[in-house]
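Next comes target.cif, with mmCIF, C-alpha atoms.
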```cif
data_coords
loop_
_atom_site.label_atom_id
_atom_site.label_comp_id
_atom_site.auth_asym_id
_atom_site.auth_seq_id
_atom_site.Cartn_x
_atom_site.Cartn_y
_atom_site.Cartn_z
CA MET P 1 -99.34 -71.79 3.36
CA ASN P 2 -100.93 -68.63 4.69
CA CYS P 3 -101.05 -65.37 2.72
CA ARG P 4 -98.62 -63.59 5.04
CA LEU P 5 -95.94 -66.25 4.57
CA LEU P 6 -96.49 -66.33 0.81
CA GLY P 7 -96.17 -62.54 0.64
CA PHE P 8 -92.95 -62.68 2.64
CA ILE P 9 -91.49 -65.29 0.27
CA ILE P 10 -92.39 -63.25 -2.80
CA PHE P 11 -90.93 -60.10 -1.25
CA THR P 12 -87.73 -61.95 -0.33
CA LEU P 13 -87.32 -63.34 -3.85
CA CYS P 14 -87.88 -59.93 -5.46
CA PHE P 15 -85.56 -58.19 -3.02
CA SER P 16 -82.88 -60.84 -3.58
CA HIS P 17 -83.14 -60.29 -7.33
CA ILE P 18 -82.66 -56.54 -6.88
CA ILE P 19 -79.63 -57.09 -4.64
CA PHE P 20 -78.22 -59.60 -7.15
CA SER P 21 -78.59 -57.15 -10.03
CA GLN P 22 -76.96 -54.34 -8.05
CA ASN P 23 -74.06 -56.57 -7.04
CA LYS P 24 -73.56 -57.59 -10.66
CA PHE P 25 -73.62 -53.97 -11.76
CA ASP P 26 -71.08 -52.94 -9.11
CA GLU P 27 -68.79 -55.81 -10.08
CA ALA P 28 -69.10 -55.08 -13.80
CA GLN P 29 -68.53 -51.37 -13.24
CA ALA P 30 -65.32 -52.09 -11.35
CA TYR P 31 -64.08 -54.21 -14.25
CA PHE P 32 -65.09 -51.47 -16.70
CA GLU P 33 -63.12 -48.84 -14.81
CA SER P 34 -60.12 -51.20 -14.94
CA GLU P 35 -60.62 -51.50 -18.72
CA LYS P 36 -61.37 -55.23 -18.43
CA TYR P 37 -64.19 -55.08 -20.93
CA ASP P 38 -64.33 -58.81 -21.66
CA SER P 39 -65.04 -59.43 -17.97
CA VAL P 40 -67.86 -56.88 -18.08
CA ILE P 41 -69.42 -58.72 -21.00
CA LEU P 42 -68.98 -62.08 -19.29
CA ILE P 43 -70.90 -60.84 -16.24
CA LEU P 44 -73.69 -58.90 -17.92
CA LYS P 45 -74.41 -60.85 -21.11
CA PRO P 46 -76.21 -63.77 -19.42
CA MET P 47 -78.65 -61.51 -17.60
CA SER P 48 -82.19 -61.72 -18.90
CA GLU P 49 -83.78 -58.92 -20.90
CA SER P 50 -86.34 -58.45 -18.15
CA THR P 51 -83.61 -56.76 -16.13
CA VAL P 52 -83.48 -53.97 -18.72
CA HIS P 53 -86.75 -52.45 -17.57
CA SER P 54 -85.58 -51.93 -14.00
CA THR P 55 -81.84 -51.45 -14.53
CA PRO P 56 -81.11 -49.73 -17.85
CA GLU P 57 -77.65 -48.84 -16.57
CA LEU P 58 -76.71 -52.53 -16.90
CA THR P 59 -77.69 -52.53 -20.56
CA GLU P 60 -75.83 -49.28 -21.16
CA LEU P 61 -72.70 -50.61 -19.47
CA LEU P 62 -72.87 -53.77 -21.58
CA GLY P 63 -73.23 -51.66 -24.72
CA ASP P 64 -70.26 -49.54 -23.66
CA ALA P 65 -68.16 -52.66 -23.08
CA TYR P 66 -69.05 -53.96 -26.53
CA SER P 67 -68.12 -50.55 -27.98
CA HIS P 68 -64.69 -50.64 -26.35
CA THR P 69 -64.08 -54.10 -27.84
CA LYS P 70 -65.34 -52.84 -31.24
CA ALA P 71 -68.15 -55.40 -31.28
CA TRP P 72 -70.39 -52.90 -33.04
CA ASP P 73 -73.32 -55.20 -33.85
CA SER P 74 -73.62 -56.21 -30.20
CA ALA P 75 -73.27 -52.60 -29.03
CA ILE P 76 -75.96 -51.51 -31.49
CA THR P 77 -78.31 -54.17 -30.11
CA GLN P 78 -77.92 -52.91 -26.54
CA TYR P 79 -78.30 -49.22 -27.40
CA ASP P 80 -81.30 -50.00 -29.62
CA ILE P 81 -83.03 -51.57 -26.60
CA LEU P 82 -82.42 -48.41 -24.58
CA VAL P 83 -83.52 -46.04 -27.35
CA ASN P 84 -86.81 -47.90 -27.70
CA LEU P 85 -87.45 -48.09 -23.96
CA TYR P 86 -86.28 -44.57 -23.12
CA PRO P 87 -86.68 -42.40 -26.25
CA GLU P 88 -86.42 -39.23 -24.17
CA VAL P 89 -82.80 -39.89 -23.07
CA ALA P 90 -80.40 -38.01 -25.36
CA ASN P 91 -77.30 -39.98 -24.43
CA TYR P 92 -78.85 -43.26 -25.54
CA HIS P 93 -79.56 -41.81 -29.00
CA TYR P 94 -76.00 -40.47 -29.14
CA LYS P 95 -74.44 -43.82 -28.25
CA TYR P 96 -76.72 -45.67 -30.66
CA GLY P 97 -75.78 -43.25 -33.44
CA GLY P 98 -72.11 -43.52 -32.56
CA ALA P 99 -72.15 -47.31 -32.75
CA LEU P 100 -73.92 -47.17 -36.12
CA ALA P 101 -71.31 -44.73 -37.43
CA MET P 102 -68.44 -46.89 -36.21
CA LYS P 103 -69.95 -49.98 -37.84
CA ALA P 104 -70.19 -47.99 -41.08
CA LEU P 105 -66.39 -47.75 -41.06
CA THR P 106 -66.12 -51.55 -41.17
CA VAL P 107 -68.36 -52.25 -44.18
CA ASN P 108 -68.34 -51.36 -47.87
CA LYS P 109 -69.56 -47.95 -49.02
CA LEU P 110 -72.92 -49.26 -50.23
CA MET P 111 -73.72 -50.74 -46.82
CA ALA P 112 -72.23 -47.77 -44.97
CA VAL P 113 -74.57 -45.15 -46.41
CA PRO P 114 -77.79 -46.20 -44.60
CA LEU P 115 -75.84 -46.68 -41.38
CA ILE P 116 -74.39 -43.16 -41.56
CA LEU P 117 -77.78 -41.64 -42.38
CA GLU P 118 -79.37 -43.40 -39.41
CA ALA P 119 -76.47 -42.32 -37.21
CA LYS P 120 -77.03 -38.73 -38.29
CA SER P 121 -80.74 -38.99 -37.48
CA GLU P 122 -80.01 -40.37 -34.00
CA CYS P 123 -77.47 -37.64 -33.27
CA ILE P 124 -79.85 -34.92 -34.43
CA GLN P 125 -82.47 -36.33 -32.06
CA ALA P 126 -79.95 -36.37 -29.22
CA ALA P 127 -79.05 -32.73 -29.92
CA GLU P 128 -82.72 -31.75 -29.89
CA LEU P 129 -83.32 -33.57 -26.60
CA ASP P 130 -80.29 -32.07 -24.84
CA SER P 131 -79.16 -28.57 -25.77
CA ASN P 132 -75.98 -29.05 -23.70
CA HIS P 133 -74.81 -32.37 -25.15
CA ILE P 134 -71.29 -31.65 -26.39
CA GLU P 135 -70.39 -35.09 -27.77
CA THR P 136 -73.39 -35.35 -30.07
CA ARG P 137 -72.64 -31.94 -31.57
CA TRP P 138 -69.08 -33.04 -32.22
CA ALA P 139 -70.45 -36.14 -33.96
CA LEU P 140 -72.75 -34.02 -36.14
CA VAL P 141 -69.92 -31.70 -37.17
CA LYS P 142 -67.94 -34.72 -38.35
CA ILE P 143 -70.90 -36.44 -40.04
CA TYR P 144 -71.91 -33.34 -41.99
CA MET P 145 -68.31 -32.80 -43.12
CA GLU P 146 -67.76 -36.45 -44.08
CA LEU P 147 -70.99 -36.98 -46.02
CA PRO P 148 -71.09 -35.88 -49.66
CA GLY P 149 -73.64 -33.20 -50.48
CA LEU P 150 -75.91 -35.66 -52.31
CA LEU P 151 -76.30 -37.66 -49.10
CA GLY P 152 -76.93 -34.69 -46.84
CA GLY P 153 -73.43 -33.43 -46.15
CA SER P 154 -73.32 -29.71 -45.44
CA THR P 155 -70.56 -27.36 -44.35
CA SER P 156 -73.12 -24.77 -43.25
CA LYS P 157 -74.86 -27.26 -40.95
CA ALA P 158 -71.50 -28.35 -39.58
CA ILE P 159 -70.75 -24.70 -38.80
CA THR P 160 -74.13 -24.40 -37.04
CA TYR P 161 -73.26 -27.25 -34.68
CA ALA P 162 -69.71 -25.93 -34.25
CA ASN P 163 -71.20 -22.59 -33.18
CA GLN P 164 -73.41 -24.43 -30.69
CA LEU P 165 -70.31 -26.19 -29.40
CA GLU P 166 -68.52 -22.88 -29.00
CA SER P 167 -71.39 -21.55 -26.89
CA LEU P 168 -71.03 -24.59 -24.62
CA SER P 169 -67.23 -24.84 -24.62
CA LYS P 170 -64.87 -22.37 -26.30
CA VAL P 171 -62.19 -25.02 -26.69
CA ASP P 172 -64.50 -27.60 -28.27
CA GLY P 173 -65.91 -24.94 -30.55
CA TYR P 174 -62.48 -23.85 -31.76
CA LEU P 175 -61.33 -27.44 -32.26
CA ALA P 176 -64.51 -28.25 -34.18
CA LYS P 177 -64.10 -25.21 -36.41
CA GLY P 178 -60.45 -26.07 -36.98
CA TYR P 179 -61.52 -29.56 -38.01
CA LEU P 180 -64.27 -28.46 -40.39
CA TYR P 181 -62.18 -25.75 -42.08
CA ASP P 182 -59.36 -28.27 -42.45
CA LYS P 183 -61.81 -30.66 -44.15
CA ALA P 184 -63.00 -27.78 -46.34
CA ASN P 185 -59.36 -27.09 -47.36
CA ASP P 186 -59.41 -23.63 -45.80
CA PHE P 187 -56.11 -24.14 -44.03
CA LYS P 188 -55.63 -20.55 -42.92
CA GLN P 189 -58.94 -20.57 -41.03
CA ALA P 190 -58.24 -24.03 -39.65
CA GLU P 191 -54.85 -22.95 -38.30
CA GLN P 192 -56.39 -19.87 -36.70
CA PHE P 193 -58.98 -21.88 -34.78
CA TYR P 194 -56.53 -24.60 -33.74
CA LYS P 195 -54.23 -21.89 -32.37
CA GLN P 196 -57.13 -20.33 -30.47
CA ALA P 197 -57.88 -23.73 -28.95
CA VAL P 198 -54.28 -23.96 -27.75
CA ASP P 199 -54.39 -20.41 -26.33
CA ILE P 200 -57.69 -20.93 -24.51
CA GLY P 201 -57.50 -24.60 -23.58
CA GLY P 202 -53.81 -25.42 -23.50
CA SER P 203 -54.52 -29.13 -23.10
CA LYS P 204 -52.57 -32.08 -24.48
CA THR P 205 -55.35 -32.61 -27.04
CA CYS P 206 -55.09 -29.01 -28.24
CA TYR P 207 -51.32 -29.17 -28.71
CA MET P 208 -51.45 -32.59 -30.36
CA THR P 209 -54.21 -31.53 -32.75
CA LEU P 210 -52.32 -28.43 -33.89
CA ALA P 211 -49.11 -30.44 -34.29
CA GLU P 212 -50.90 -33.09 -36.38
CA PHE P 213 -52.39 -30.32 -38.51
CA TYR P 214 -48.90 -29.01 -39.29
CA LEU P 215 -47.55 -32.50 -39.97
CA ASN P 216 -50.36 -33.13 -42.45
CA ARG P 217 -49.31 -29.90 -44.21
CA ASP P 218 -45.63 -31.04 -44.28
CA GLN P 219 -44.70 -28.27 -41.84
CA LYS P 220 -42.61 -30.36 -39.49
CA ASP P 221 -40.70 -27.42 -37.96
CA LYS P 222 -43.94 -25.81 -36.79
CA ALA P 223 -45.16 -29.15 -35.42
CA ILE P 224 -41.93 -29.60 -33.45
CA THR P 225 -42.25 -26.09 -31.97
CA VAL P 226 -45.83 -26.79 -30.88
CA LEU P 227 -44.94 -30.14 -29.33
CA ARG P 228 -41.93 -28.73 -27.47
CA THR P 229 -43.97 -25.82 -26.13
CA GLY P 230 -46.72 -28.18 -25.03
CA TYR P 231 -44.31 -30.55 -23.34
CA VAL P 232 -42.59 -27.75 -21.42
CA ARG P 233 -45.96 -26.54 -20.14
CA LEU P 234 -47.68 -29.87 -19.50
CA ARG P 235 -44.94 -32.49 -19.17
CA ALA P 236 -47.27 -34.81 -21.07
CA GLU P 237 -45.43 -37.97 -22.09
CA GLU P 238 -47.52 -38.36 -25.25
CA LEU P 239 -46.19 -35.04 -26.56
CA GLN P 240 -42.59 -36.13 -25.94
CA GLN P 241 -43.24 -39.46 -27.65
CA LYS P 242 -44.56 -37.65 -30.72
CA LEU P 243 -41.49 -35.41 -30.69
CA ASP P 244 -39.20 -38.44 -30.58
CA GLU P 245 -41.16 -39.98 -33.44
CA ILE P 246 -40.75 -37.04 -35.82
CA THR P 247 -37.36 -35.71 -34.73
CA PRO P 248 -34.29 -37.29 -36.39
#
```

Rewritten as structure tokens:
Amino acid sequence: MNCRLLGFIIFTLCFSHIIFSQNKFDEAQAYFESEKYDSVILILKPMSESTVHSTPELTELLGDAYSHTKAWDSAITQYDILVNLYPEVANYHYKYGGALAMKALTVNKLMAVPLILEAKSECIQAAELDSNHIETRWALVKIYMELPGLLGGSTSKAITYANQLESLSKVDGYLAKGYLYDKANDFKQAEQFYKQAVDIGGSKTCYMTLAEFYLNRDQKDKAITVLRTGYVRLRAEELQQKLDEITP
């Protein structure tokens, strides 16, 4: 076999592998967009780890599919691969931290602590890598408000990240501040920021969040007013469903 023929065969095999991987990704992505996460896993799981180096998006998609099925250990494995291969990508650190935090919710408190601390570390790294990453700042606000002070919880640090959120998105900033003041039992401040989120954003999420805040304070009449106003403006079925749920 001459060198030219051998080279052609090698090129053909490599090119076929690339085409195969792309076809698999396209197929898996279509399933993912249709929320058929088990099909995504079925397609991508058998692929060898060598594919990771050339197509990290496959590994990320597999991790995302595991996350949607709440298979946190498997999701953590995929995101860990990406974090180690591409430590400069903020979103990989965010997703890895998020999966760790979600796993922490499924285990006892003793096992949850190191998971939460590692999740916090990953999210901090993501925030440092990307000054515009909204989701990781949201995660840090929640982590700092959920953790007790002895384990690194801090209202002041949560406020710092909420301020960063506000500089990126007024609505996210107001919602984050409403959340953290609610957690800090400063209900007047929380209400103020949730109302500002409704005024500025006016989204279904804003109305639902303010309504839930009132319901948690046993202020059903205010919640009903918020939901009715939101439904009139948005015609969002979820708001009407919540109204039906709480209205006699």

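Counting only C-alpha atoms and comparing P:Glu212, P:Glu27, P:Glu146, P:Glu191, the residue that lies closest to Leu44 in chain P is P:Glu27.
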
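The space separating CA of Ala104 in chain P from CA of Asp73 in chain P comes to 10.7 Å.
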
### Task
Write out as a list of chain:residue names each polymer residue whose atoms come within 9 Å of Asn91 in chain P, counting all atoms listed in the file; drop sequence neighbours fewer than 4 positions from it.
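Counting all atoms listed in the file, the residues come to P:Lys95, P:Tyr96, P:Ala126, P:Asp130, P:His133, P:Thr136.
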
Taking (-62.6, -54.6, -26.4) in the file's coordinates as the center, which residues reach within 12 Å of it, counting all atoms listed in the file, put as a PDB file with C-alpha atoms, keeping the file's coordinate frame?
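In the end it all went to point.pdb:
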```pdb
ATOM      1  CA  PHE P  32     -65.090 -51.470 -16.700  1.00  0.00           C
ATOM      2  CA  GLU P  35     -60.620 -51.500 -18.720  1.00  0.00           C
ATOM      3  CA  LYS P  36     -61.370 -55.230 -18.430  1.00  0.00           C
ATOM      4  CA  TYR P  37     -64.190 -55.080 -20.930  1.00  0.00           C
ATOM      5  CA  ASP P  38     -64.330 -58.810 -21.660  1.00  0.00           C
ATOM      6  CA  SER P  39     -65.040 -59.430 -17.970  1.00  0.00           C
ATOM      7  CA  VAL P  40     -67.860 -56.880 -18.080  1.00  0.00           C
ATOM      8  CA  ILE P  41     -69.420 -58.720 -21.000  1.00  0.00           C
ATOM      9  CA  LEU P  62     -72.870 -53.770 -21.580  1.00  0.00           C
ATOM     10  CA  GLY P  63     -73.230 -51.660 -24.720  1.00  0.00           C
ATOM     11  CA  ASP P  64     -70.260 -49.540 -23.660  1.00  0.00           C
ATOM     12  CA  ALA P  65     -68.160 -52.660 -23.080  1.00  0.00           C
ATOM     13  CA  TYR P  66     -69.050 -53.960 -26.530  1.00  0.00           C
ATOM     14  CA  SER P  67     -68.120 -50.550 -27.980  1.00  0.00           C
ATOM     15  CA  HIS P  68     -64.690 -50.640 -26.350  1.00  0.00           C
ATOM     16  CA  THR P  69     -64.080 -54.100 -27.840  1.00  0.00           C
ATOM     17  CA  LYS P  70     -65.340 -52.840 -31.240  1.00  0.00           C
ATOM     18  CA  ALA P  71     -68.150 -55.400 -31.280  1.00  0.00           C
ATOM     19  CA  TRP P  72     -70.390 -52.900 -33.040  1.00  0.00           C
ATOM     20  CA  SER P  74     -73.620 -56.210 -30.200  1.00  0.00           C
ATOM     21  CA  ALA P  75     -73.270 -52.600 -29.030  1.00  0.00           C
TER      22      ALA P  75
END
```

### Query
How far is it from CA of Ala99 in chain P to CA of Leu115 in chain P, in Å with one decimal?
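Rounded to one decimal, the two atoms are 9.4 Å apart.
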
With all atoms of range 154-168 of chain P from the file as input, state the centre and edge lengths in Å to one decimal of the axis-aligned box that has 3 Å extra on each side, as JSON.
```
{"center_x": -71.7, "center_y": -25.6, "center_z": -35.0, "size_x": 12.3, "size_y": 14.2, "size_z": 26.8}
```

### Message
Please enumerate the residues selected by the PyMOL selection byres ((chain P and resi 224-234) around 8) when evaluated against the supplied file, formatted as a ChimeraX atom specification.
### Response
/P:202-204,207-208,210-211,220-223,235-237,239-240,242-243,246-247

Dump as a PDB file, keeping the file's coordinate frame, selection limited to C-alpha atoms:
```
ATOM      1  CA  GLY P 202     -53.810 -25.420 -23.500  1.00  0.00           C
ATOM      2  CA  SER P 203     -54.520 -29.130 -23.100  1.00  0.00           C
ATOM      3  CA  LYS P 204     -52.570 -32.080 -24.480  1.00  0.00           C
ATOM      4  CA  TYR P 207     -51.320 -29.170 -28.710  1.00  0.00           C
ATOM      5  CA  MET P 208     -51.450 -32.590 -30.360  1.00  0.00           C
ATOM      6  CA  LEU P 210     -52.320 -28.430 -33.890  1.00  0.00           C
ATOM      7  CA  ALA P 211     -49.110 -30.440 -34.290  1.00  0.00           C
ATOM      8  CA  LYS P 220     -42.610 -30.360 -39.490  1.00  0.00           C
ATOM      9  CA  ASP P 221     -40.700 -27.420 -37.960  1.00  0.00           C
ATOM     10  CA  LYS P 222     -43.940 -25.810 -36.790  1.00  0.00           C
ATOM     11  CA  ALA P 223     -45.160 -29.150 -35.420  1.00  0.00           C
ATOM     12  CA  ARG P 235     -44.940 -32.490 -19.170  1.00  0.00           C
ATOM     13  CA  ALA P 236     -47.270 -34.810 -21.070  1.00  0.00           C
ATOM     14  CA  GLU P 237     -45.430 -37.970 -22.090  1.00  0.00           C
ATOM     15  CA  LEU P 239     -46.190 -35.040 -26.560  1.00  0.00           C
ATOM     16  CA  GLN P 240     -42.590 -36.130 -25.940  1.00  0.00           C
ATOM     17  CA  LYS P 242     -44.560 -37.650 -30.720  1.00  0.00           C
ATOM     18  CA  LEU P 243     -41.490 -35.410 -30.690  1.00  0.00           C
ATOM     19  CA  ILE P 246     -40.750 -37.040 -35.820  1.00  0.00           C
ATOM     20  CA  THR P 247     -37.360 -35.710 -34.730  1.00  0.00           C
TER      21      THR P 247
END
```

### Task
Please identify all polymer residues within 9 Å of Phe25 in chain P, counting all atoms listed in the file, omitting same-chain residues fewer than 5 positions from it, and present them as a count of residues only.
7

### Summary
One residue among P:Trp138, P:Tyr31, P:Tyr144, P:Tyr174 is nearest to Ala197 in chain P when using only C-alpha atoms, and that residue is P:Tyr174

### Query
Between P:Ala162, P:Leu147, P:Leu215, P:Ala28, which is the closest to Lys109 in chain P once you count only C-alpha atoms?
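Counting only C-alpha atoms, the residue closest to Lys109 in chain P is P:Leu147.
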
### Summary
From the list P:Arg217, P:Val89, P:Lys170, P:Thr59, the nearest residue to Gln196 in chain P using all atoms listed in the file is P:Lys170

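Of the listed residues (P:Pro148, P:Met111, P:Ala158, P:Phe213), P:Ala158 comes nearest to Ile124 in chain P; the distances count all atoms listed in the file.
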
If we count only C-alpha atoms and set the cut-off at 8 Å, which residues sit around Tyr92 in chain P, ignoring sequence neighbours fewer than 6 positions away in its own chain? Please answer as a PDB file with C-alpha atoms, in the frame of the given file.
```pdb
ATOM      1  CA  TYR P  79     -78.300 -49.220 -27.400  1.00  0.00           C
ATOM      2  CA  LEU P  82     -82.420 -48.410 -24.580  1.00  0.00           C
ATOM      3  CA  VAL P  83     -83.520 -46.040 -27.350  1.00  0.00           C
ATOM      4  CA  TYR P  86     -86.280 -44.570 -23.120  1.00  0.00           C
ATOM      5  CA  ALA P 126     -79.950 -36.370 -29.220  1.00  0.00           C
TER       6      ALA P 126
END
```

### Query
Mind pulling up the distance from CA of Ala139 in chain P to CA of Glu238 in chain P?
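Straight-line distance from CA of Glu238 in chain P to CA of Ala139 in chain P works out to 24.6 Å.
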
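Selection result for the displayed file, with the PyMOL selection byres ((chain P and resi 97) around 7) as criterion, is His93, Tyr94, Lys95, Tyr96, Gly98, Ala99, Leu100, Ala101, Glu118, Ala119, Lys120, Glu122 and Cys123 of chain P.
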